[in-house]
$ cat run-v6.txt   # compact mmCIF, C-alpha atoms and all ligand atoms
# COMPACT_ATOMS: atom_id res chain seq x y z
CA MET A 1 -20.37 13.92 14.59
CA THR A 2 -22.33 14.01 11.34
CA PRO A 3 -22.96 10.50 10.07
CA SER A 4 -21.46 9.64 6.68
CA THR A 5 -23.91 8.58 3.97
CA PRO A 6 -24.12 4.79 4.10
CA PRO A 7 -23.38 3.11 0.76
CA ARG A 8 -26.38 1.85 -1.19
CA HIS A 9 -24.82 -0.51 -3.73
CA ALA A 10 -21.54 -2.38 -3.19
CA VAL A 11 -19.63 -4.41 -5.74
CA VAL A 12 -17.69 -7.05 -3.79
CA ILE A 13 -14.58 -8.22 -5.67
CA ALA A 14 -13.24 -11.38 -4.05
CA ASN A 15 -10.08 -13.33 -4.87
CA PRO A 16 -10.94 -16.94 -3.91
CA THR A 17 -7.25 -17.88 -3.99
CA ALA A 18 -6.15 -15.25 -1.45
CA GLY A 19 -4.40 -16.62 1.62
CA THR A 20 -7.15 -16.51 4.27
CA ILE A 21 -10.42 -16.35 2.34
CA ASP A 22 -13.20 -18.95 2.66
CA ASP A 23 -16.95 -19.24 2.08
CA ALA A 24 -17.73 -18.33 5.70
CA LEU A 25 -15.93 -14.99 5.29
CA LEU A 26 -17.86 -14.17 2.12
CA ASP A 27 -21.19 -15.33 3.60
CA GLY A 28 -20.59 -13.15 6.66
CA LEU A 29 -19.72 -10.16 4.51
CA LEU A 30 -22.84 -10.52 2.34
CA ALA A 31 -25.00 -11.00 5.45
CA GLN A 32 -23.64 -7.74 6.87
CA CYS A 33 -24.62 -5.94 3.64
CA ALA A 34 -28.11 -7.50 3.78
CA ARG A 35 -28.62 -6.40 7.40
CA THR A 36 -27.95 -2.79 6.45
CA SER A 37 -29.97 -2.96 3.22
CA THR A 38 -26.87 -2.38 1.11
CA ARG A 39 -27.32 -4.09 -2.24
CA ALA A 40 -24.28 -6.30 -2.89
CA THR A 41 -23.06 -7.64 -6.23
CA LEU A 42 -20.43 -10.37 -5.77
CA VAL A 43 -17.71 -10.88 -8.39
CA ARG A 44 -15.31 -13.80 -7.81
CA THR A 45 -12.05 -13.50 -9.73
CA THR A 46 -10.88 -16.47 -11.76
CA ARG A 47 -7.42 -15.31 -12.80
CA VAL A 48 -4.83 -12.55 -12.49
CA GLY A 49 -6.26 -9.32 -13.93
CA ASP A 50 -9.91 -10.10 -13.13
CA ALA A 51 -10.02 -7.85 -10.07
CA GLU A 52 -8.77 -4.89 -12.11
CA ALA A 53 -11.34 -5.56 -14.85
CA ALA A 54 -14.13 -5.91 -12.29
CA ALA A 55 -13.21 -2.62 -10.60
CA ARG A 56 -13.08 -0.88 -13.96
CA ALA A 57 -16.52 -2.26 -14.84
CA ALA A 58 -17.95 -1.14 -11.49
CA ALA A 59 -16.58 2.39 -11.92
CA ALA A 60 -17.87 2.50 -15.51
CA GLY A 61 -21.42 1.77 -14.31
CA HIS A 62 -21.80 -1.78 -15.68
CA HIS A 63 -23.79 -2.74 -12.57
CA GLY A 64 -25.72 0.52 -12.40
CA PRO A 65 -24.80 3.19 -9.86
CA VAL A 66 -22.23 1.83 -7.40
CA ASP A 67 -20.94 3.83 -4.43
CA LEU A 68 -18.72 1.20 -2.80
CA VAL A 69 -16.21 -1.35 -4.05
CA VAL A 70 -15.18 -3.96 -1.50
CA ALA A 71 -11.81 -5.58 -2.26
CA VAL A 72 -11.62 -8.99 -0.55
CA GLY A 73 -8.15 -10.46 -0.71
CA GLY A 74 -4.54 -9.59 -0.01
CA ASP A 75 -2.47 -6.62 -1.11
CA GLY A 76 -2.20 -8.00 -4.66
CA THR A 77 -5.98 -7.93 -5.05
CA VAL A 78 -6.19 -4.45 -3.58
CA HIS A 79 -3.51 -3.27 -5.99
CA GLU A 80 -5.53 -4.58 -8.95
CA VAL A 81 -8.75 -3.00 -7.70
CA ILE A 82 -7.01 0.37 -7.32
CA GLU A 83 -5.63 0.11 -10.87
CA GLY A 84 -9.17 -0.56 -12.11
CA LEU A 85 -10.84 2.22 -10.10
CA THR A 86 -8.33 4.85 -11.15
CA ARG A 87 -8.20 3.91 -14.81
CA THR A 88 -11.82 4.72 -15.62
CA PRO A 89 -13.49 8.11 -15.41
CA PRO A 90 -16.56 7.68 -13.20
CA HIS A 91 -19.85 6.80 -14.85
CA GLY A 92 -22.07 9.78 -15.71
CA THR A 93 -21.77 12.74 -13.37
CA GLY A 94 -21.41 10.67 -10.18
CA ASP A 95 -18.24 10.24 -8.12
CA ALA A 96 -16.07 7.16 -8.52
CA PRO A 97 -17.03 4.48 -5.98
CA ALA A 98 -15.10 4.54 -2.71
CA LEU A 99 -12.94 1.57 -1.77
CA VAL A 100 -13.10 -0.52 1.38
CA ILE A 101 -10.63 -3.34 2.02
CA VAL A 102 -11.58 -6.64 3.66
CA PRO A 103 -8.30 -8.34 4.55
CA ALA A 104 -8.20 -11.93 3.28
CA GLY A 105 -4.56 -12.25 2.30
CA THR A 106 -1.66 -13.11 4.53
CA GLY A 107 0.15 -9.76 4.93
CA ASN A 108 -2.73 -7.28 4.56
CA SER A 109 -0.59 -4.13 4.84
CA GLY A 110 -3.27 -2.07 3.08
CA TYR A 111 -5.93 -2.88 5.66
CA LEU A 112 -3.47 -2.28 8.52
CA MET A 113 -2.56 1.11 7.08
CA LEU A 114 -6.19 2.25 7.02
CA TRP A 115 -7.76 0.56 10.03
CA GLY A 116 -4.99 -0.65 12.33
CA GLU A 117 -5.66 -3.98 14.03
CA ARG A 118 -9.45 -3.52 14.25
CA PRO A 119 -11.43 -6.62 13.12
CA TRP A 120 -12.69 -6.11 9.57
CA GLN A 121 -16.29 -6.93 10.57
CA GLU A 122 -16.32 -3.87 12.87
CA SER A 123 -14.79 -1.66 10.18
CA LEU A 124 -17.27 -2.81 7.54
CA HIS A 125 -20.19 -2.38 9.94
CA ALA A 126 -19.12 1.23 10.57
CA VAL A 127 -18.90 1.85 6.80
CA LEU A 128 -22.30 0.28 6.07
CA THR A 129 -24.03 2.16 8.87
CA GLY A 130 -22.36 5.52 8.15
CA SER A 131 -20.91 5.67 11.66
CA ALA A 132 -18.78 8.83 11.48
CA GLU A 133 -17.25 7.99 14.86
CA HIS A 134 -15.69 4.80 13.52
CA ALA A 135 -15.26 5.19 9.75
CA ALA A 136 -14.70 7.96 7.22
CA PRO A 137 -14.28 8.17 3.44
CA ARG A 138 -10.93 9.86 2.88
CA PRO A 139 -8.90 10.98 -0.11
CA LEU A 140 -5.85 8.79 -0.66
CA ASP A 141 -2.71 9.89 -2.48
CA LEU A 142 -1.18 7.33 -4.82
CA ALA A 143 2.12 7.28 -6.65
CA ARG A 144 2.74 6.47 -10.29
CA VAL A 145 5.94 4.87 -11.55
CA ALA A 146 6.67 7.05 -14.60
CA GLU A 147 8.74 4.35 -16.37
CA THR A 148 5.97 1.71 -16.27
CA GLY A 149 2.75 3.61 -15.52
CA ALA A 150 2.03 1.36 -12.50
CA LYS A 151 0.09 2.83 -9.58
CA VAL A 152 1.46 2.41 -6.06
CA PHE A 153 -0.58 2.64 -2.86
CA LEU A 154 1.49 1.03 -0.07
CA GLY A 155 4.87 2.19 -1.24
CA ALA A 156 7.86 1.31 -3.36
CA CYS A 157 11.34 0.31 -2.25
CA SER A 158 14.76 -0.44 -3.67
CA GLY A 159 17.49 -2.53 -2.06
CA VAL A 160 17.15 -4.85 0.88
CA ILE A 161 13.36 -4.59 1.35
CA ALA A 162 12.86 -5.60 -2.30
CA ASP A 163 15.51 -8.33 -2.07
CA ALA A 164 13.64 -9.80 0.91
CA LEU A 165 10.71 -10.55 -1.41
CA ARG A 166 13.06 -12.67 -3.55
CA VAL A 167 14.31 -14.51 -0.46
CA ALA A 168 10.71 -15.00 0.80
CA ARG A 169 9.91 -17.22 -2.18
CA SER A 170 11.92 -20.03 -0.64
CA ILE A 171 10.69 -19.67 2.96
CA PRO A 172 7.97 -22.19 3.92
CA LEU A 173 5.98 -19.80 6.15
CA SER A 174 3.16 -17.38 5.35
CA GLY A 175 2.25 -13.74 5.88
CA ARG A 176 4.15 -11.43 8.21
CA ALA A 177 6.23 -14.28 9.72
CA ARG A 178 7.47 -15.20 6.26
CA TYR A 179 8.46 -11.64 5.43
CA ALA A 180 10.16 -11.15 8.82
CA CYS A 181 12.26 -14.26 8.26
CA ALA A 182 13.11 -13.23 4.69
CA PHE A 183 14.00 -9.67 5.74
CA ALA A 184 16.43 -10.94 8.39
CA ASP A 185 18.05 -13.40 5.95
CA SER A 186 18.31 -10.87 3.14
CA ALA A 187 19.68 -8.16 5.47
CA ALA A 188 22.37 -10.49 6.84
CA ALA A 189 23.76 -11.07 3.32
CA PHE A 190 23.02 -7.74 1.61
CA THR A 191 25.70 -5.59 -0.05
CA PRO A 192 24.81 -1.88 -0.44
CA TYR A 193 24.52 -0.68 -4.05
CA PRO A 194 25.75 2.63 -5.55
CA GLY A 195 22.63 4.79 -5.61
CA ARG A 196 21.16 8.26 -5.77
CA VAL A 197 17.83 9.59 -4.56
CA THR A 198 16.53 12.93 -5.80
CA VAL A 199 13.53 14.75 -4.33
CA ASP A 200 11.91 17.42 -6.54
CA GLY A 201 15.24 17.93 -8.33
CA THR A 202 17.44 18.10 -5.21
CA VAL A 203 19.75 15.20 -4.35
CA LEU A 204 18.83 13.78 -0.95
CA HIS A 205 21.53 11.08 -0.95
CA GLU A 206 24.20 9.79 -3.33
CA GLY A 207 26.49 6.90 -2.46
CA PRO A 208 26.27 3.37 -1.07
CA THR A 209 22.62 2.59 -0.41
CA VAL A 210 20.90 -0.15 1.59
CA LEU A 211 17.36 0.90 0.69
CA ALA A 212 15.27 3.81 -0.55
CA ASN A 213 11.61 3.54 0.43
CA VAL A 214 8.96 5.85 -1.06
CA GLY A 215 5.38 5.99 0.17
CA GLY A 216 2.69 5.70 0.82
CA GLY A 217 1.94 3.77 3.94
CA ARG A 218 4.07 3.85 7.04
CA PHE A 219 4.56 0.09 7.17
CA ARG A 220 6.34 -2.35 4.88
CA GLY A 221 5.88 -6.07 5.23
CA GLY A 222 2.94 -5.31 7.53
CA GLN A 223 5.25 -4.57 10.45
CA TYR A 224 8.27 -2.33 9.66
CA GLN A 225 7.64 1.41 10.09
CA VAL A 226 10.06 2.68 7.47
CA LEU A 227 8.13 5.94 6.91
CA PRO A 228 6.75 6.77 10.36
CA ARG A 229 5.86 10.35 9.35
CA SER A 230 3.99 9.58 6.17
CA GLU A 231 0.54 11.10 5.79
CA LEU A 232 -1.61 9.42 3.19
CA ASP A 233 -3.54 12.50 2.15
CA ASP A 234 -1.05 15.39 2.21
CA GLY A 235 -0.38 15.45 -1.54
CA LEU A 236 3.27 14.49 -1.00
CA LEU A 237 5.42 11.37 -1.09
CA ASP A 238 7.77 10.60 1.79
CA VAL A 239 11.12 8.94 1.19
CA CYS A 240 13.55 7.31 3.61
CA VAL A 241 17.05 6.29 2.53
CA VAL A 242 19.28 4.04 4.61
CA ASP A 243 22.84 4.62 3.43
CA GLY A 244 25.79 2.24 3.36
CA THR A 245 27.21 3.40 6.70
CA VAL A 246 24.40 1.44 8.36
CA ALA A 247 24.97 -2.33 8.56
CA PRO A 248 22.15 -3.93 6.54
CA SER A 249 21.72 -6.56 9.26
CA ARG A 250 20.56 -3.79 11.65
CA VAL A 251 17.80 -2.50 9.36
CA PRO A 252 14.96 -4.85 10.43
CA GLU A 253 15.49 -4.00 14.11
CA LEU A 254 16.00 -0.27 13.37
CA THR A 255 12.80 0.08 11.36
CA ARG A 256 10.60 -2.20 13.49
CA HIS A 257 9.17 0.69 15.52
CA GLY A 258 10.20 3.64 13.33
CA ASP A 259 13.05 4.61 15.69
CA HIS A 260 15.63 4.89 12.90
CA LEU A 261 14.97 8.52 11.98
CA GLY A 262 17.28 9.97 14.59
CA SER A 263 20.17 7.68 13.64
CA PRO A 264 23.22 8.49 11.51
CA GLY A 265 23.02 7.21 7.94
CA ILE A 266 19.27 7.82 7.62
CA TRP A 267 17.96 10.41 5.14
CA TYR A 268 14.34 11.49 5.08
CA GLY A 269 12.63 13.71 2.53
CA ARG A 270 9.24 14.65 1.17
CA GLY A 271 8.16 15.85 -2.24
CA ARG A 272 6.08 15.40 -5.36
CA ARG A 273 8.60 13.61 -7.59
CA ILE A 274 11.16 11.20 -6.22
CA VAL A 275 13.78 9.52 -8.41
CA VAL A 276 15.51 6.37 -7.16
CA GLU A 277 18.56 5.34 -9.21
CA ARG A 278 21.28 2.73 -9.35
CA LEU A 279 24.48 4.23 -10.74
CA ASP A 280 26.71 1.32 -11.77
CA GLY A 281 24.70 0.25 -14.83
CA GLU A 282 23.14 -2.74 -13.04
CA PRO A 283 19.34 -2.94 -12.65
CA LEU A 284 17.67 -1.75 -9.45
CA CYS A 285 16.32 -4.39 -7.13
CA PHE A 286 12.89 -2.76 -6.79
CA GLU A 287 9.39 -3.57 -5.55
CA HIS A 288 6.11 -1.79 -5.15
CA ASP A 289 3.06 -2.82 -3.13
CA GLY A 290 4.91 -5.99 -2.13
CA GLU A 291 5.50 -7.18 -5.71
CA LEU A 292 9.12 -7.67 -6.76
CA GLN A 293 9.59 -6.04 -10.18
CA PRO A 294 11.53 -7.60 -13.05
CA PRO A 295 15.18 -6.41 -13.10
CA THR A 296 14.77 -4.01 -16.01
CA LEU A 297 15.00 -0.52 -14.47
CA ARG A 298 18.06 1.46 -13.45
CA ARG A 299 15.88 4.28 -12.25
CA ALA A 300 12.35 4.54 -10.91
CA THR A 301 10.59 7.90 -10.94
CA LEU A 302 7.70 8.14 -8.49
CA GLU A 303 5.22 10.95 -9.04
CA VAL A 304 2.46 11.71 -6.57
CA LEU A 305 -1.16 11.45 -7.69
CA PRO A 306 -2.85 13.57 -5.03
CA ALA A 307 -6.26 12.38 -3.81
CA ALA A 308 -6.46 9.82 -6.61
CA LEU A 309 -8.95 7.64 -4.79
CA THR A 310 -11.53 7.74 -2.01
CA VAL A 311 -10.96 5.02 0.54
CA TRP A 312 -12.71 4.17 3.81
CA GLY A 313 -10.59 4.09 6.95
CA ARG A 314 -10.73 4.94 10.59
CA PRO A 315 -11.40 8.62 11.09
CA THR A 316 -8.31 10.45 12.30
CA ALA A 317 -7.15 14.03 11.90
CA ARG A 318 -5.15 12.64 9.02
CA LEU A 319 -5.32 9.08 7.75
CA SER A 320 -2.27 7.85 9.64
CA THR A 321 -1.45 9.91 12.69
CA SER A 322 -0.57 7.16 15.15
CA GLY A 323 2.92 7.76 16.52
CA SER A 324 4.64 11.07 17.03
CA ARG A 325 6.49 13.18 14.52
CA ALA A 326 10.22 13.20 14.96
CA GLY A 327 11.74 16.65 15.28
CA ALA A 328 13.55 18.11 12.28
CA GLY A 329 17.22 17.22 12.31
CA PRO A 330 19.94 16.09 9.96
CA ASP A 331 17.74 13.14 9.08
CA ALA A 332 14.76 15.32 8.33
CA THR A 333 15.34 17.01 5.00
CA GLU A 334 11.92 18.12 3.81
CA THR A 335 11.65 19.55 0.38
CA ALA A 336 8.10 20.78 0.44
N1 LIG B 401 -8.89 -16.42 -9.13
C1 LIG B 401 -7.58 -16.21 -9.14
N2 LIG B 401 -6.72 -17.20 -9.42
C2 LIG B 401 -5.39 -16.99 -9.35
N3 LIG B 401 -4.81 -15.81 -9.02
C3 LIG B 401 -5.63 -14.79 -8.74
C4 LIG B 401 -7.05 -14.93 -8.78
N4 LIG B 401 -7.60 -13.75 -8.44
C5 LIG B 401 -6.57 -12.90 -8.21
N5 LIG B 401 -5.39 -13.53 -8.39
C6 LIG B 401 -4.05 -13.00 -8.16
O1 LIG B 401 -3.58 -13.52 -6.93
C7 LIG B 401 -2.51 -12.68 -6.51
C8 LIG B 401 -2.28 -12.79 -5.01
O2 LIG B 401 -3.41 -12.36 -4.36
P1 LIG B 401 -3.40 -11.52 -3.00
O3 LIG B 401 -2.16 -10.74 -2.84
O4 LIG B 401 -4.68 -10.82 -2.94
O5 LIG B 401 -3.45 -12.68 -1.92
P2 LIG B 401 -2.30 -13.27 -0.99
O6 LIG B 401 -1.09 -13.54 -1.83
O7 LIG B 401 -2.88 -14.41 -0.23
O8 LIG B 401 -2.10 -12.10 0.01
P3 LIG B 401 -0.81 -11.34 0.55
O9 LIG B 401 -0.31 -10.53 -0.62
O10 LIG B 401 -1.37 -10.51 1.64
O11 LIG B 401 0.12 -12.41 1.00
C9 LIG B 401 -2.89 -11.30 -6.97
O12 LIG B 401 -1.79 -10.68 -7.55
C10 LIG B 401 -4.01 -11.51 -8.00
O13 LIG B 401 -3.70 -10.93 -9.24
$ encode --input "run-v6.txt" --output "structure tokens"
Amino acid sequence: MTPSTPPRHAVVIANPTAGTIDDALLDGLLAQCARTSTRATLVRTTRVGDAEAAARAAAAGHHGPVDLVVAVGGDGTVHEVIEGLTRTPPHGTGDAPALVIVPAGTGNSGYLMLWGERPWQESLHAVLTGSAEHAAPRPLDLARVAETGAKVFLGACSGVIADALRVARSIPLSGRARYACAFADSAAAFTPYPGRVTVDGTVLHEGPTVLANVGGGRFRGGQYQVLPRSELDDGLLDVCVVDGTVAPSRVPELTRHGDHLGSPGIWYGRGRRIVVERLDGEPLCFEHDGELQPPTLRRATLEVLPAALTVWGRPTARLSTSGSRAGAGPDATETA
């Protein structure tokens, strides 16, 4: 395999308030850069919005030529860094810096999506040494919420998966355990809402809806494979709808291993523009990248931004090919 070009200058954007960060983690990271002669510029955030500003500054060339941005934190930090990297045209004629994630939050779905369960030190070492066998810079599709302009990298979801984030606020656990507990509690009490999901102008589902998940990554909450077929670099968004014939309480167990696609009441599509609506005049319960959104939208329009970002991940034929593709069936409406 041809080695990738190792990065020469990394801007490390670290959120010191993220769930599992400490000085030892940052010292270890900087030592790894020093061992491979990668210049590292450390930026510690001090408030919400700093990570986005730092990524924008790095892409705009404020630190000189930069070919790598290291986001150290949880999914919230990664989301900000992506907003910053994609908001600025790259400095001069060079490419925008590529992103690598060092997981220091509690859920870390972004890291899981790109590297699986591999320790971050091994992933970073492969990036810094240009080991093509273990790491590759890959194009990553993002989505944009047309109504707000927000970028989405992990995925967006209406219904019970979003409601679980509300429930999680009062659960005294952290990370994946907290979300699992919240998902079970929310699902046990959830009432389907009247909804419609449209894929590139064709209605995929209309009627009682438990959730509509658009992505993005295969996993939500770091552990539920709601979109087991999703490819992160195919220029398309996947969508899975669970309709009201499925008991909400069964959804956590059904989606745990991505086995739900063959079941009745599951609708799966793929396209460039996906509209998720609530039809009774009430606001959608809606989240993206693990952040519950204010109840202001009755519809969310997700448009794909193909290859919006270069991100380091494990080299696979596609970014996320673990698991097999389900055969086409009634659950497998594909619009592209
Ligand atoms: N210095 C800071 N002080 C306070 N908040 C910050 C700071 N830097 C970043 N933030 C905000 O903290 C929020 C949470 O961070 P992040 O999601 O990275 O960590 P986490 O909550 O521990 O991880 P996870 O989302 O995996 O549970 C982010 O939305 C970010 O905007």
$ residues_around --input "run-v6.txt" --residues "Arg278 of chain A" --least-positions-apart "4" --cutoff "8 Å" --atoms "all atoms listed in the file" --output "MDAnalysis selection string"
chainID A and resid 193:196 282:284 298:299
$ residues_around --input "run-v6.txt" --residues "Val304 of chain A" --least-positions-apart "4" --cutoff "6 Å" --atoms "all atoms listed in the file" --output "ChimeraX atom specification"
/A:142-143,272
$ closest_residue --input "run-v6.txt" --among "A:Cys285, A:Ala247, A:Ala96, A:Leu112" --to "ligand LIG 401 (chain B)" --atoms "only C-alpha atoms and all ligand atoms"
A:Leu112
$ residues_near_ligand --input "run-v6.txt" --ligand "ligand LIG 401 (chain B)" --cutoff "7 Å" --atoms "all atoms listed in the file" --output "ChimeraX atom specification"
/A:15-20,45-51,73-78,80,104-108,175
$ write_last_selection --input "run-v6.txt" --atoms "C-alpha atoms" --output "mmCIF file, in the frame of the given file"
data_model
loop_
_atom_site.group_PDB
_atom_site.id
_atom_site.type_symbol
_atom_site.label_atom_id
_atom_site.label_comp_id
_atom_site.auth_asym_id
_atom_site.auth_seq_id
_atom_site.Cartn_x
_atom_site.Cartn_y
_atom_site.Cartn_z
ATOM 1 C CA ASN A 15 -10.080 -13.330 -4.870
ATOM 2 C CA PRO A 16 -10.940 -16.940 -3.910
ATOM 3 C CA THR A 17 -7.250 -17.880 -3.990
ATOM 4 C CA ALA A 18 -6.150 -15.250 -1.450
ATOM 5 C CA GLY A 19 -4.400 -16.620 1.620
ATOM 6 C CA THR A 20 -7.150 -16.510 4.270
ATOM 7 C CA THR A 45 -12.050 -13.500 -9.730
ATOM 8 C CA THR A 46 -10.880 -16.470 -11.760
ATOM 9 C CA ARG A 47 -7.420 -15.310 -12.800
ATOM 10 C CA VAL A 48 -4.830 -12.550 -12.490
ATOM 11 C CA GLY A 49 -6.260 -9.320 -13.930
ATOM 12 C CA ASP A 50 -9.910 -10.100 -13.130
ATOM 13 C CA ALA A 51 -10.020 -7.850 -10.070
ATOM 14 C CA GLY A 73 -8.150 -10.460 -0.710
ATOM 15 C CA GLY A 74 -4.540 -9.590 -0.010
ATOM 16 C CA ASP A 75 -2.470 -6.620 -1.110
ATOM 17 C CA GLY A 76 -2.200 -8.000 -4.660
ATOM 18 C CA THR A 77 -5.980 -7.930 -5.050
ATOM 19 C CA VAL A 78 -6.190 -4.450 -3.580
ATOM 20 C CA GLU A 80 -5.530 -4.580 -8.950
ATOM 21 C CA ALA A 104 -8.200 -11.930 3.280
ATOM 22 C CA GLY A 105 -4.560 -12.250 2.300
ATOM 23 C CA THR A 106 -1.660 -13.110 4.530
ATOM 24 C CA GLY A 107 0.150 -9.760 4.930
ATOM 25 C CA ASN A 108 -2.730 -7.280 4.560
ATOM 26 C CA GLY A 175 2.250 -13.740 5.880
#
$ residues_around --input "run-v6.txt" --residues "segment 182-192 of chain A" --least-positions-apart "4" --cutoff "10 Å" --atoms "only C-alpha atoms" --output "MDAnalysis selection string"
chainID A and resid 159:171 173 176:178 207:211 221 242:253
$ residues_near_point --input "run-v6.txt" --point "(-10.0, -5.4, -5.3)" --cutoff "7 Å" --atoms "all atoms listed in the file" --output "ChimeraX atom specification"
/A:13-14,51-52,55,70-72,77-82
$ closest_residue --input "run-v6.txt" --among "A:Arg56, A:His205, A:His125, A:Arg256" --to "Tyr268 of chain A" --atoms "only C-alpha atoms"
A:His205
$ atom_distance --input "run-v6.txt" --atom1 "atom CA of Arg220 of chain A" --atom2 "atom CA of Leu114 of chain A"
13.5 Å
$ closest_residue --input "run-v6.txt" --among "A:Lys151, A:His9, A:Arg144, A:His260" --to "Val275 of chain A" --atoms "all atoms listed in the file"
A:Arg144
$ closest_residue --input "run-v6.txt" --among "A:Ala54, A:Val311, A:Val214, A:Cys157" --to "Ile101 of chain A" --atoms "all atoms listed in the file"
A:Val311
$ residues_around --input "run-v6.txt" --residues "Gly28 of chain A" --least-positions-apart "4" --cutoff "12 Å" --atoms "only C-alpha atoms" --output "PyMOL selection string"
chain A and resi 21-24+32-35+102+120-122+124-125
$ residues_around --input "run-v6.txt" --residues "Asp200 of chain A" --least-positions-apart "3" --cutoff "12 Å" --atoms "only C-alpha atoms" --output "short mmCIF file (atom, residue, chain, number, x, y, z; two decimals) with C-alpha atoms, in the coordinates of the input"
data_model
loop_
_atom_site.label_atom_id
_atom_site.label_comp_id
_atom_site.auth_asym_id
_atom_site.auth_seq_id
_atom_site.Cartn_x
_atom_site.Cartn_y
_atom_site.Cartn_z
CA VAL A 197 17.83 9.59 -4.56
CA VAL A 203 19.75 15.20 -4.35
CA LEU A 204 18.83 13.78 -0.95
CA LEU A 236 3.27 14.49 -1.00
CA LEU A 237 5.42 11.37 -1.09
CA ASP A 238 7.77 10.60 1.79
CA VAL A 239 11.12 8.94 1.19
CA GLY A 269 12.63 13.71 2.53
CA ARG A 270 9.24 14.65 1.17
CA GLY A 271 8.16 15.85 -2.24
CA ARG A 272 6.08 15.40 -5.36
CA ARG A 273 8.60 13.61 -7.59
CA ILE A 274 11.16 11.20 -6.22
CA VAL A 275 13.78 9.52 -8.41
CA VAL A 276 15.51 6.37 -7.16
CA THR A 301 10.59 7.90 -10.94
CA LEU A 302 7.70 8.14 -8.49
CA GLU A 303 5.22 10.95 -9.04
CA VAL A 304 2.46 11.71 -6.57
CA GLU A 334 11.92 18.12 3.81
CA THR A 335 11.65 19.55 0.38
CA ALA A 336 8.10 20.78 0.44
#
$ closest_residue --input "run-v6.txt" --among "A:Ala136, A:Val100, A:Trp267, A:Gly61" --to "Cys240 of chain A" --atoms "all atoms listed in the file"
A:Trp267
$ closest_residue --input "run-v6.txt" --among "A:Arg87, A:Arg8, A:Arg314, A:His257" --to "Thr129 of chain A" --atoms "all atoms listed in the file"
A:Arg8
$ atom_distance --input "run-v6.txt" --atom1 "atom CA of Ser4 of chain A" --atom2 "atom CA of Ser131 of chain A"
6.4 Å
$ residues_near_point --input "run-v6.txt" --point "(11.3, 5.4, 12.9)" --cutoff "9 Å" --atoms "all atoms listed in the file" --output "number ranges by chain"
A: 224-229, 254-262, 326
$ atom_distance --input "run-v6.txt" --atom1 "atom CA of Ala300 of chain A" --atom2 "atom CA of Gln223 of chain A"
24.3 Å
$ decode --input "run-v6.txt" --residues "segment 192-223 of chain A" --atoms "C-alpha atoms" --output "short mmCIF file (atom, residue, chain, number, x, y, z; two decimals), in the first residue's frame"
data_model
loop_
_atom_site.label_atom_id
_atom_site.label_comp_id
_atom_site.auth_asym_id
_atom_site.auth_seq_id
_atom_site.Cartn_x
_atom_site.Cartn_y
_atom_site.Cartn_z
CA PRO A 192 -46.13 8.20 17.93
CA TYR A 193 -46.69 11.55 16.19
CA PRO A 194 -48.43 12.22 12.84
CA GLY A 195 -45.55 12.54 10.39
CA ARG A 196 -44.39 12.42 6.80
CA VAL A 197 -40.98 11.68 5.33
CA THR A 198 -40.20 12.60 1.73
CA VAL A 199 -37.10 11.47 -0.15
CA ASP A 200 -36.17 13.49 -3.27
CA GLY A 201 -39.82 14.47 -3.69
CA THR A 202 -41.33 10.99 -3.17
CA VAL A 203 -43.20 10.19 0.04
CA LEU A 204 -41.49 7.31 1.84
CA HIS A 205 -43.93 7.22 4.76
CA GLU A 206 -46.94 9.21 5.96
CA GLY A 207 -48.80 8.39 9.17
CA PRO A 208 -48.04 7.66 12.82
CA THR A 209 -44.30 7.87 13.31
CA VAL A 210 -42.01 6.73 16.13
CA LEU A 211 -38.82 8.13 14.60
CA ALA A 212 -37.24 9.26 11.35
CA ASN A 213 -33.45 9.07 11.38
CA VAL A 214 -31.34 10.66 8.62
CA GLY A 215 -27.60 10.15 8.30
CA GLY A 216 -24.82 10.10 8.41
CA GLY A 217 -23.30 7.56 10.69
CA ARG A 218 -24.72 4.13 11.28
CA PHE A 219 -24.91 4.51 15.05
CA ARG A 220 -26.96 6.78 17.29
CA GLY A 221 -26.18 7.14 20.97
CA GLY A 222 -22.88 5.38 20.26
CA GLN A 223 -24.58 1.97 20.18
#
